[in-house]
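File shown: start.tsv. Contents: TSV, C-alpha atoms.
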chain	number	residue	atom	x	y	z
J	1	MET	CA	149.10	-103.01	-89.46
J	2	SER	CA	148.69	-99.41	-88.37
J	3	SER	CA	151.02	-97.95	-85.79
J	4	ILE	CA	150.10	-96.50	-82.41
J	5	HIS	CA	150.58	-92.77	-81.95
J	6	ILE	CA	152.33	-91.31	-78.93
J	7	LEU	CA	152.27	-87.55	-78.37
J	8	THR	CA	155.17	-85.70	-76.83
J	9	GLU	CA	154.77	-82.23	-75.38
J	10	THR	CA	158.37	-81.69	-74.30
J	11	ARG	CA	159.50	-79.65	-77.31
J	12	ARG	CA	158.06	-76.89	-79.48
J	13	ILE	CA	159.01	-75.05	-82.65
J	14	GLU	CA	161.64	-72.45	-81.84
J	15	ASN	CA	164.23	-70.56	-83.86
J	16	ILE	CA	165.75	-73.46	-85.79
J	17	GLY	CA	168.94	-72.47	-87.56
J	18	ASN	CA	169.13	-75.41	-89.94
J	19	ARG	CA	165.34	-75.65	-90.23
J	20	ILE	CA	165.32	-79.26	-89.07
J	21	PHE	CA	163.38	-80.39	-86.00
J	22	LYS	CA	164.19	-83.87	-84.69
J	23	VAL	CA	161.78	-85.36	-82.19
J	24	LEU	CA	164.40	-87.85	-80.97
J	25	THR	CA	167.69	-86.49	-79.75
J	26	PRO	CA	170.83	-88.49	-80.74
J	27	GLN	CA	171.05	-89.75	-77.16
J	28	MET	CA	167.46	-91.02	-77.22
J	29	ASN	CA	168.06	-92.62	-80.61
J	30	GLN	CA	171.09	-94.45	-79.28
J	31	LYS	CA	169.17	-95.70	-76.26
J	32	CYS	CA	166.53	-97.16	-78.59
J	33	GLN	CA	169.18	-98.97	-80.61
J	34	ASP	CA	170.89	-100.24	-77.45
J	35	GLY	CA	167.57	-101.64	-76.33
J	36	GLN	CA	167.23	-103.67	-79.56
J	37	LEU	CA	164.55	-101.39	-80.94
J	38	MET	CA	164.31	-100.49	-84.62
J	39	VAL	CA	163.88	-96.79	-85.40
J	40	GLN	CA	162.42	-95.73	-88.73
J	41	GLU	CA	162.46	-91.99	-89.33
J	42	HIS	CA	159.67	-90.13	-91.13
J	43	GLU	CA	159.83	-86.61	-92.53
J	44	ASN	CA	157.07	-84.00	-92.63
J	45	LYS	CA	157.57	-80.53	-94.11
J	46	LEU	CA	155.79	-77.76	-92.23
J	47	THR	CA	155.17	-74.28	-93.58
J	48	CYS	CA	155.73	-71.80	-90.74
J	49	GLY	CA	155.09	-68.37	-92.20
J	50	ARG	CA	157.56	-67.95	-95.05
J	51	THR	CA	159.84	-70.63	-93.58
J	52	ASP	CA	159.70	-74.36	-94.27
J	53	ILE	CA	160.81	-76.66	-91.46
J	54	ILE	CA	161.46	-80.37	-91.76
J	55	ILE	CA	160.09	-82.38	-88.85
J	56	ILE	CA	161.79	-85.74	-88.39
J	57	TYR	CA	159.83	-88.07	-86.14
J	58	PRO	CA	160.42	-91.75	-85.32
J	59	GLU	CA	158.47	-94.94	-85.65
J	60	ILE	CA	159.82	-97.48	-83.19
J	61	TYR	CA	159.54	-101.26	-83.46
J	62	ASP	CA	160.63	-104.10	-81.27
J	63	GLU	CA	163.10	-106.21	-83.30
J	64	ALA	CA	161.79	-109.34	-81.62
J	65	ALA	CA	158.18	-108.63	-82.56
J	66	LEU	CA	158.19	-107.19	-86.08
J	67	ASN	CA	154.64	-108.39	-86.72
J	68	GLU	CA	153.31	-106.11	-83.99
J	69	ALA	CA	152.36	-102.47	-84.36
J	70	GLY	CA	155.06	-99.88	-83.98
J	71	TYR	CA	154.90	-96.63	-82.04
J	72	VAL	CA	154.98	-93.30	-83.86
J	73	ILE	CA	156.17	-90.47	-81.63
J	74	ILE	CA	154.96	-87.07	-82.79
J	75	PRO	CA	154.98	-83.61	-81.19
J	76	GLU	CA	151.63	-82.07	-80.31
J	77	PHE	CA	151.98	-79.38	-82.96
J	78	LEU	CA	152.22	-81.90	-85.82
J	79	ILE	CA	149.44	-83.46	-87.89
J	80	PRO	CA	151.24	-86.21	-89.84
J	81	GLY	CA	151.02	-85.58	-93.57
J	82	ARG	CA	149.68	-82.03	-93.22
J	83	PRO	CA	151.62	-78.91	-94.27
J	84	TYR	CA	150.90	-76.59	-91.32
J	85	PRO	CA	151.31	-76.72	-87.53
J	86	ILE	CA	148.15	-77.39	-85.54
J	87	TYR	CA	148.10	-73.74	-84.41
J	88	ILE	CA	147.20	-72.57	-87.92
J	89	TYR	CA	144.29	-74.95	-88.32
J	90	LEU	CA	142.94	-74.14	-84.86
J	91	PHE	CA	143.26	-70.40	-85.40
J	92	SER	CA	141.23	-70.65	-88.62
J	93	ILE	CA	138.56	-72.82	-86.96
J	94	VAL	CA	138.30	-70.57	-83.91
J	95	THR	CA	138.13	-67.43	-86.05
J	96	TYR	CA	135.39	-68.94	-88.20
J	97	CYS	CA	133.34	-70.37	-85.33
J	98	LEU	CA	133.46	-67.38	-82.99
J	99	ASN	CA	132.48	-64.85	-85.65
J	100	PRO	CA	128.91	-65.87	-86.55
J	101	LEU	CA	128.62	-63.65	-89.64
J	102	MET	CA	132.00	-64.63	-91.04
J	103	GLY	CA	132.44	-67.00	-93.97
J	104	GLN	CA	135.25	-69.46	-94.46
J	105	ARG	CA	136.97	-67.30	-97.08
J	106	GLU	CA	137.35	-64.40	-94.65
J	107	ALA	CA	138.53	-66.70	-91.86
J	108	ALA	CA	141.15	-68.19	-94.20
J	109	LYS	CA	142.28	-64.69	-95.20
J	110	ARG	CA	142.74	-63.68	-91.56
J	111	THR	CA	144.66	-66.88	-90.94
J	112	ARG	CA	147.06	-66.09	-93.79
J	113	GLU	CA	147.61	-62.60	-92.40
J	114	ARG	CA	148.10	-63.71	-88.78
J	115	PHE	CA	150.62	-66.43	-89.65
J	116	GLY	CA	152.29	-64.77	-92.63
J	117	LEU	CA	151.25	-67.46	-95.11
J	118	LYS	CA	151.29	-67.20	-98.89
J	119	THR	CA	148.48	-69.72	-99.16
J	120	PHE	CA	145.81	-71.09	-96.84
J	121	SER	CA	142.46	-71.66	-98.49
J	122	HIS	CA	138.89	-71.79	-97.28
J	123	THR	CA	138.72	-75.37	-98.55
J	124	THR	CA	141.54	-76.30	-96.16
J	125	LEU	CA	139.54	-74.75	-93.33
J	126	GLY	CA	136.43	-76.60	-94.49
J	127	ARG	CA	138.19	-79.98	-94.42
J	128	ALA	CA	139.57	-79.31	-90.95
J	129	MET	CA	136.11	-78.33	-89.71
J	130	LYS	CA	134.60	-81.55	-91.05
J	131	LYS	CA	137.22	-83.68	-89.31
J	132	LEU	CA	136.70	-81.93	-86.01
J	133	GLU	CA	132.92	-82.12	-86.32
J	134	LYS	CA	133.18	-85.85	-86.97
J	135	LEU	CA	135.23	-86.33	-83.81
J	136	ILE	CA	132.74	-84.31	-81.78
J	137	ASN	CA	129.69	-86.07	-83.22
J	138	GLU	CA	131.18	-89.50	-82.59
J	139	ASN	CA	131.67	-88.58	-78.94
J	140	GLU	CA	128.80	-86.12	-78.64
J	141	GLY	CA	127.34	-87.54	-75.44
J	142	GLU	CA	130.56	-86.92	-73.54
J	143	ALA	CA	131.89	-83.94	-75.45
J	144	GLN	CA	128.80	-81.83	-74.86
J	145	GLU	CA	128.17	-82.63	-71.21
J	146	THR	CA	128.37	-79.61	-68.89
J	147	THR	CA	129.60	-77.52	-71.81
J	148	GLN	CA	128.13	-74.05	-72.19
J	149	PRO	CA	128.41	-72.53	-75.68
J	150	ILE	CA	130.32	-69.31	-76.04
J	151	LYS	CA	127.88	-66.45	-76.45
J	152	VAL	CA	127.66	-64.93	-79.89
J	153	GLU	CA	125.61	-62.06	-81.21
J	154	ASP	CA	122.00	-62.71	-82.08
J	155	VAL	CA	121.48	-63.37	-85.77
J	156	ASP	CA	118.47	-62.39	-87.85
J	157	ALA	CA	117.78	-65.75	-89.45
J	158	GLY	CA	115.44	-64.23	-92.01
J	159	SER	CA	118.11	-61.92	-93.33
J	160	PHE	CA	120.98	-64.41	-93.15
J	161	PRO	CA	119.71	-67.91	-93.98
J	162	THR	CA	123.23	-69.20	-94.63
J	163	VAL	CA	124.29	-68.10	-91.16
J	164	GLU	CA	121.27	-69.82	-89.66
J	165	GLN	CA	122.30	-73.04	-91.33
J	166	THR	CA	125.84	-72.89	-89.98
J	167	ILE	CA	125.45	-71.27	-86.56
J	168	GLU	CA	124.66	-74.52	-84.75
J	169	ARG	CA	127.73	-76.21	-86.21
J	170	LYS	CA	129.90	-73.27	-85.20
J	171	LEU	CA	128.59	-73.28	-81.65
J	172	LYS	CA	129.14	-77.00	-81.24
J	173	VAL	CA	132.75	-76.81	-82.39
J	174	ALA	CA	133.41	-73.64	-80.36
J	175	SER	CA	131.97	-75.29	-77.24
J	176	TYR	CA	134.20	-78.32	-77.62
J	177	LEU	CA	137.35	-76.25	-78.15
J	178	THR	CA	136.51	-74.10	-75.14
J	179	LYS	CA	136.05	-77.14	-72.94
J	180	ALA	CA	139.20	-78.82	-74.25
J	181	SER	CA	141.22	-75.67	-73.53
J	182	ALA	CA	139.83	-75.49	-69.97
J	183	GLY	CA	137.82	-72.38	-70.81
J	184	ASP	CA	140.76	-70.37	-72.09
J	185	ARG	CA	139.46	-66.95	-73.20
J	186	THR	CA	142.49	-66.49	-75.43
J	187	LEU	CA	140.55	-68.34	-78.14
J	188	GLU	CA	137.92	-65.63	-78.20
J	189	GLN	CA	140.53	-62.86	-78.11
J	190	GLU	CA	142.31	-64.32	-81.13
J	191	ALA	CA	139.03	-64.80	-83.00
J	192	ARG	CA	137.99	-61.21	-82.44
J	193	GLN	CA	141.48	-59.92	-83.31
J	194	VAL	CA	141.88	-58.40	-79.86
J	195	ARG	CA	145.42	-59.76	-79.77
J	196	ILE	CA	148.16	-58.79	-82.22
J	197	GLN	CA	151.07	-60.05	-80.17
J	198	PRO	CA	153.00	-62.25	-80.14
J	199	ASP	CA	153.92	-62.34	-83.81
J	200	TYR	CA	152.99	-65.68	-85.38
J	201	ARG	CA	154.44	-64.95	-88.81
J	202	ARG	CA	157.53	-66.97	-87.94
J	203	PRO	CA	158.80	-69.25	-85.16
J	204	PRO	CA	159.19	-69.36	-82.26
J	205	TYR	CA	155.55	-70.08	-81.47
J	206	ALA	CA	154.81	-69.07	-77.91
J	207	GLY	CA	152.15	-67.36	-75.85
J	208	ALA	CA	148.72	-68.03	-74.37
J	209	PHE	CA	147.04	-69.08	-77.63
J	210	ILE	CA	149.80	-71.57	-78.43
J	211	ASP	CA	149.44	-73.00	-74.92
J	212	ALA	CA	145.69	-73.28	-75.46
J	213	CYS	CA	146.26	-75.20	-78.70
J	214	HIS	CA	148.50	-77.68	-76.90
J	215	ASN	CA	145.87	-78.09	-74.19
J	216	ILE	CA	143.20	-78.86	-76.81
J	217	VAL	CA	145.37	-81.46	-78.53
J	218	GLY	CA	146.39	-83.06	-75.24
J	219	TYR	CA	142.83	-83.14	-73.91
J	220	THR	CA	141.52	-84.82	-77.05
J	221	PHE	CA	144.28	-87.40	-77.13
J	222	LEU	CA	143.98	-88.35	-73.46
J	223	LYS	CA	140.18	-88.51	-73.51
J	224	TYR	CA	139.54	-90.16	-76.87
J	225	HIS	CA	142.94	-91.71	-77.75
J	226	ARG	CA	143.04	-90.06	-81.14
J	227	LEU	CA	144.56	-87.07	-82.86
J	228	LEU	CA	142.56	-83.86	-83.05
J	229	LEU	CA	142.65	-83.59	-86.87

For this file, produce the structure as structure tokens.
Amino acid sequence: MSSIHILTETRRIENIGNRIFKVLTPQMNQKCQDGQLMVQEHENKLTCGRTDIIIIYPEIYDEAALNEAGYVIIPEFLIPGRPYPIYIYLFSIVTYCLNPLMGQREAAKRTRERFGLKTFSHTTLGRAMKKLEKLINENEGEAQETTQPIKVEDVDAGSFPTVEQTIERKLKVASYLTKASAGDRTLEQEARQVRIQPDYRRPPYAGAFIDACHNIVGYTFLKYHRLLL
């Protein structure tokens, strides 16, 4: 039986001396045990620039109802089983979608540079795009209502047939992210490399773009009851 996800937005990745991030504090853990709840801890290694951080997040069960689904509590920045924080995936998607002439290889390269990564491939970006497109397409009637696509430069379809084939996909994804972020223009600024601060090559992760990422994740979870990626 699969567990139910619960997102928590109360904590973010900061300067972690021992490189361990625990979602549950010892006090919260004790309260769970006092309430006859079983807590199973899961680990997820995240690559944050040149630093690896271990995220420890709980799965909570009721001891009296072990045959029922448990509750997995995860922070908004985490995609369980994935090696990067959500900010990295969203930066690569935004950069790719808001630059109509850009390919996935260039977007992946810019992502590596912005976040100080040794590796982040265009295939990783491609998989993330497919997952997000699937979410949007499954909820297209609602996701696209009242949404105005971000304007991009006109493209000569005859000269760039590959761009013509991908421009509609890019606009659809960009429109959804803009709506989910409440129209935050920071997405466009990051995509066009207008912003160079704050420095995302290491934690702490803070600033307008990080806030926009959290808004996108929270919007998607509240509206569709599922994780973004």

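The space between atom CA of J:Ile13 and atom CA of J:Gln40 spans 21.8 Å.
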
Exercise. Rank J:Arg12, J:Arg105, J:His5, J:His122 by their smallest atom-to-atom distance to J:Asp211, using all atoms listed in the file, and report the top residue only.
Key: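 Under the stated criterion, the closest residue is J:Arg12.
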
Practice problem: Give me, please, the distance in Å between atom CA of J:Ile74 and atom CA of J:Ile4, quoted to one decimal. | Solution: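 It comes out at 10.6 Å.
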
Self-check item: Surrounding residues of J:Glu138 excluding itself and chain neighbours under 6 positions, 12 Å, all atoms listed in the file, as a PyMOL selection string
Solution: chain J and resi 131-132+144+224+226

Self-check item: Among the residues J:Phe120, J:Phe115, J:Tyr219, J:Tyr57, the one that comes closest to J:Ala182 [using only C-alpha atoms]
Solution: J:Tyr219

Quiz item: Do you know which residues are at most 12 Å from J:Arg202 counting all atoms listed in the file, after dropping those on the same chain fewer than 5 positions away, and could you put them as a list in words?
Solution: Ile13, Glu14, Asn15, Ile16, Arg19, Leu46, Thr47, Cys48, Gly49, Arg50, Thr51, Asp52, Ile53, Pro85, Ile88, Glu113, Arg114, Phe115, Gly116 and Leu117 of chain J

File of the preceding selection, C-alpha atoms, as a PDB file, in the frame of the given file:
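Result file follows (again-v5.pdb):
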ATOM      1  CA  ILE J  13     159.010 -75.050 -82.650  1.00  0.00           C
ATOM      2  CA  GLU J  14     161.640 -72.450 -81.840  1.00  0.00           C
ATOM      3  CA  ASN J  15     164.230 -70.560 -83.860  1.00  0.00           C
ATOM      4  CA  ILE J  16     165.750 -73.460 -85.790  1.00  0.00           C
ATOM      5  CA  ARG J  19     165.340 -75.650 -90.230  1.00  0.00           C
ATOM      6  CA  LEU J  46     155.790 -77.760 -92.230  1.00  0.00           C
ATOM      7  CA  THR J  47     155.170 -74.280 -93.580  1.00  0.00           C
ATOM      8  CA  CYS J  48     155.730 -71.800 -90.740  1.00  0.00           C
ATOM      9  CA  GLY J  49     155.090 -68.370 -92.200  1.00  0.00           C
ATOM     10  CA  ARG J  50     157.560 -67.950 -95.050  1.00  0.00           C
ATOM     11  CA  THR J  51     159.840 -70.630 -93.580  1.00  0.00           C
ATOM     12  CA  ASP J  52     159.700 -74.360 -94.270  1.00  0.00           C
ATOM     13  CA  ILE J  53     160.810 -76.660 -91.460  1.00  0.00           C
ATOM     14  CA  PRO J  85     151.310 -76.720 -87.530  1.00  0.00           C
ATOM     15  CA  ILE J  88     147.200 -72.570 -87.920  1.00  0.00           C
ATOM     16  CA  GLU J 113     147.610 -62.600 -92.400  1.00  0.00           C
ATOM     17  CA  ARG J 114     148.100 -63.710 -88.780  1.00  0.00           C
ATOM     18  CA  PHE J 115     150.620 -66.430 -89.650  1.00  0.00           C
ATOM     19  CA  GLY J 116     152.290 -64.770 -92.630  1.00  0.00           C
ATOM     20  CA  LEU J 117     151.250 -67.460 -95.110  1.00  0.00           C
TER      21      LEU J 117
END

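Minimum distance to J:Ile20 across J:Ile79, J:Val194, J:Ile55, J:Val39 (counting all atoms listed in the file) occurs at J:Ile55.
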
Please return, as a compact mmCIF listing (two decimals) with C-alpha atoms, in the coordinates of the input, all polymer residues that have at least one atom within 12 Å of the point (140.7, -73.1, -72.1); use all atoms listed in the file and the file's own coordinate frame.
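Contents of the output file selection_23.txt:
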# COMPACT_ATOMS: atom_id res chain seq x y z
CA THR J 147 129.60 -77.52 -71.81
CA ILE J 150 130.32 -69.31 -76.04
CA ALA J 174 133.41 -73.64 -80.36
CA SER J 175 131.97 -75.29 -77.24
CA TYR J 176 134.20 -78.32 -77.62
CA LEU J 177 137.35 -76.25 -78.15
CA THR J 178 136.51 -74.10 -75.14
CA LYS J 179 136.05 -77.14 -72.94
CA ALA J 180 139.20 -78.82 -74.25
CA SER J 181 141.22 -75.67 -73.53
CA ALA J 182 139.83 -75.49 -69.97
CA GLY J 183 137.82 -72.38 -70.81
CA ASP J 184 140.76 -70.37 -72.09
CA ARG J 185 139.46 -66.95 -73.20
CA THR J 186 142.49 -66.49 -75.43
CA LEU J 187 140.55 -68.34 -78.14
CA GLU J 188 137.92 -65.63 -78.20
CA GLN J 189 140.53 -62.86 -78.11
CA ALA J 208 148.72 -68.03 -74.37
CA PHE J 209 147.04 -69.08 -77.63
CA ILE J 210 149.80 -71.57 -78.43
CA ASP J 211 149.44 -73.00 -74.92
CA ALA J 212 145.69 -73.28 -75.46
CA CYS J 213 146.26 -75.20 -78.70
CA HIS J 214 148.50 -77.68 -76.90
CA ASN J 215 145.87 -78.09 -74.19
CA ILE J 216 143.20 -78.86 -76.81
CA VAL J 217 145.37 -81.46 -78.53
CA GLY J 218 146.39 -83.06 -75.24
CA TYR J 219 142.83 -83.14 -73.91

Quiz prompt | Between atom CA of J:Leu125 and atom CA of J:Tyr96 - distance in Å to one decimal | solution =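 Interatomic distance, atom CA of J:Tyr96 to atom CA of J:Leu125: 8.8 Å.
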
Quiz prompt | Residue among J:Glu43, J:Glu106, J:Glu68, J:Glu63 lying closest to J:Pro83, counting only C-alpha atoms | solution =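 Selected residue with least distance to J:Pro83: J:Glu43.
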
Quiz item: From the list J:Cys32, J:Ile93, J:Met38, J:Ile54, which residue is nearest J:Gly17 when using all atoms listed in the file?
Solution: J:Ile54

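Between J:Cys97 and the residues J:Leu229, J:Val173, J:Leu24, J:Ile60, the shortest atom-to-atom distance, using all atoms listed in the file, involves J:Val173.
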
Where atoms are lacking, stretch 195-227 of chain J completed to N, CA and C atoms, as an mmCIF file, in the frame of the given file:
data_model
loop_
_atom_site.group_PDB
_atom_site.id
_atom_site.type_symbol
_atom_site.label_atom_id
_atom_site.label_comp_id
_atom_site.auth_asym_id
_atom_site.auth_seq_id
_atom_site.Cartn_x
_atom_site.Cartn_y
_atom_site.Cartn_z
ATOM 1 N N ARG J 195 143.993 -59.579 -79.974
ATOM 2 C CA ARG J 195 145.420 -59.760 -79.770
ATOM 3 C C ARG J 195 146.169 -59.595 -81.097
ATOM 4 N N ILE J 196 147.289 -58.883 -81.044
ATOM 5 C CA ILE J 196 148.160 -58.790 -82.220
ATOM 6 C C ILE J 196 149.572 -59.265 -81.882
ATOM 7 N N GLN J 197 149.791 -59.531 -80.627
ATOM 8 C CA GLN J 197 151.070 -60.050 -80.170
ATOM 9 C C GLN J 197 150.825 -61.339 -79.386
ATOM 10 N N PRO J 198 151.731 -62.271 -79.412
ATOM 11 C CA PRO J 198 153.000 -62.250 -80.140
ATOM 12 C C PRO J 198 152.829 -62.423 -81.639
ATOM 13 N N ASP J 199 153.919 -62.245 -82.355
ATOM 14 C CA ASP J 199 153.920 -62.340 -83.810
ATOM 15 C C ASP J 199 154.020 -63.801 -84.224
ATOM 16 N N TYR J 200 153.006 -64.276 -84.943
ATOM 17 C CA TYR J 200 152.990 -65.680 -85.380
ATOM 18 C C TYR J 200 153.444 -65.854 -86.820
ATOM 19 N N ARG J 201 154.035 -64.830 -87.413
ATOM 20 C CA ARG J 201 154.440 -64.950 -88.810
ATOM 21 C C ARG J 201 155.704 -65.775 -88.992
ATOM 22 N N ARG J 202 156.326 -66.132 -87.889
ATOM 23 C CA ARG J 202 157.530 -66.970 -87.940
ATOM 24 C C ARG J 202 157.734 -67.581 -86.564
ATOM 25 N N PRO J 203 158.445 -68.704 -86.488
ATOM 26 C CA PRO J 203 158.800 -69.250 -85.160
ATOM 27 C C PRO J 203 159.708 -68.271 -84.429
ATOM 28 N N PRO J 204 159.796 -68.328 -83.098
ATOM 29 C CA PRO J 204 159.190 -69.360 -82.260
ATOM 30 C C PRO J 204 157.708 -69.107 -82.008
ATOM 31 N N TYR J 205 156.959 -70.182 -81.809
ATOM 32 C CA TYR J 205 155.550 -70.080 -81.470
ATOM 33 C C TYR J 205 155.410 -70.183 -79.958
ATOM 34 N N ALA J 206 154.947 -69.111 -79.356
ATOM 35 C CA ALA J 206 154.810 -69.070 -77.910
ATOM 36 C C ALA J 206 153.655 -68.154 -77.550
ATOM 37 N N GLY J 207 153.222 -68.226 -76.301
ATOM 38 C CA GLY J 207 152.150 -67.360 -75.850
ATOM 39 C C GLY J 207 150.914 -68.143 -75.427
ATOM 40 N N ALA J 208 149.908 -67.409 -74.948
ATOM 41 C CA ALA J 208 148.720 -68.030 -74.370
ATOM 42 C C ALA J 208 147.928 -68.842 -75.397
ATOM 43 N N PHE J 209 147.802 -68.333 -76.622
ATOM 44 C CA PHE J 209 147.040 -69.080 -77.630
ATOM 45 C C PHE J 209 147.732 -70.375 -77.990
ATOM 46 N N ILE J 210 149.053 -70.347 -78.116
ATOM 47 C CA ILE J 210 149.800 -71.570 -78.430
ATOM 48 C C ILE J 210 149.628 -72.584 -77.313
ATOM 49 N N ASP J 211 149.669 -72.107 -76.063
ATOM 50 C CA ASP J 211 149.440 -73.000 -74.920
ATOM 51 C C ASP J 211 148.039 -73.604 -74.980
ATOM 52 N N ALA J 212 147.059 -72.787 -75.355
ATOM 53 C CA ALA J 212 145.690 -73.280 -75.460
ATOM 54 C C ALA J 212 145.573 -74.372 -76.521
ATOM 55 N N CYS J 213 146.272 -74.188 -77.635
ATOM 56 C CA CYS J 213 146.260 -75.200 -78.700
ATOM 57 C C CYS J 213 146.813 -76.527 -78.193
ATOM 58 N N HIS J 214 147.917 -76.461 -77.457
ATOM 59 C CA HIS J 214 148.500 -77.680 -76.900
ATOM 60 C C HIS J 214 147.546 -78.344 -75.909
ATOM 61 N N ASN J 215 146.843 -77.532 -75.129
ATOM 62 C CA ASN J 215 145.870 -78.090 -74.190
ATOM 63 C C ASN J 215 144.743 -78.812 -74.918
ATOM 64 N N ILE J 216 144.285 -78.242 -76.022
ATOM 65 C CA ILE J 216 143.200 -78.860 -76.810
ATOM 66 C C ILE J 216 143.655 -80.195 -77.385
ATOM 67 N N VAL J 217 144.849 -80.218 -77.955
ATOM 68 C CA VAL J 217 145.370 -81.460 -78.530
ATOM 69 C C VAL J 217 145.557 -82.509 -77.448
ATOM 70 N N GLY J 218 146.153 -82.110 -76.319
ATOM 71 C CA GLY J 218 146.390 -83.060 -75.240
ATOM 72 C C GLY J 218 145.105 -83.592 -74.642
ATOM 73 N N TYR J 219 144.125 -82.726 -74.452
ATOM 74 C CA TYR J 219 142.830 -83.140 -73.910
ATOM 75 C C TYR J 219 142.175 -84.184 -74.804
ATOM 76 N N THR J 220 142.157 -83.911 -76.100
ATOM 77 C CA THR J 220 141.520 -84.820 -77.050
ATOM 78 C C THR J 220 142.215 -86.173 -77.076
ATOM 79 N N PHE J 221 143.533 -86.148 -77.055
ATOM 80 C CA PHE J 221 144.280 -87.400 -77.130
ATOM 81 C C PHE J 221 144.088 -88.243 -75.870
ATOM 82 N N LEU J 222 144.127 -87.609 -74.717
ATOM 83 C CA LEU J 222 143.980 -88.350 -73.460
ATOM 84 C C LEU J 222 142.557 -88.884 -73.289
ATOM 85 N N LYS J 223 141.577 -88.117 -73.732
ATOM 86 C CA LYS J 223 140.180 -88.510 -73.510
ATOM 87 C C LYS J 223 139.679 -89.516 -74.548
ATOM 88 N N TYR J 224 140.093 -89.332 -75.807
ATOM 89 C CA TYR J 224 139.540 -90.160 -76.870
ATOM 90 C C TYR J 224 140.584 -91.020 -77.583
ATOM 91 N N HIS J 225 141.850 -90.893 -77.174
ATOM 92 C CA HIS J 225 142.940 -91.710 -77.750
ATOM 93 C C HIS J 225 143.015 -91.552 -79.258
ATOM 94 N N ARG J 226 142.928 -90.330 -79.713
ATOM 95 C CA ARG J 226 143.040 -90.060 -81.140
ATOM 96 C C ARG J 226 143.544 -88.636 -81.343
ATOM 97 N N LEU J 227 144.076 -88.403 -82.535
ATOM 98 C CA LEU J 227 144.560 -87.070 -82.860
ATOM 99 C C LEU J 227 143.397 -86.130 -83.106
#
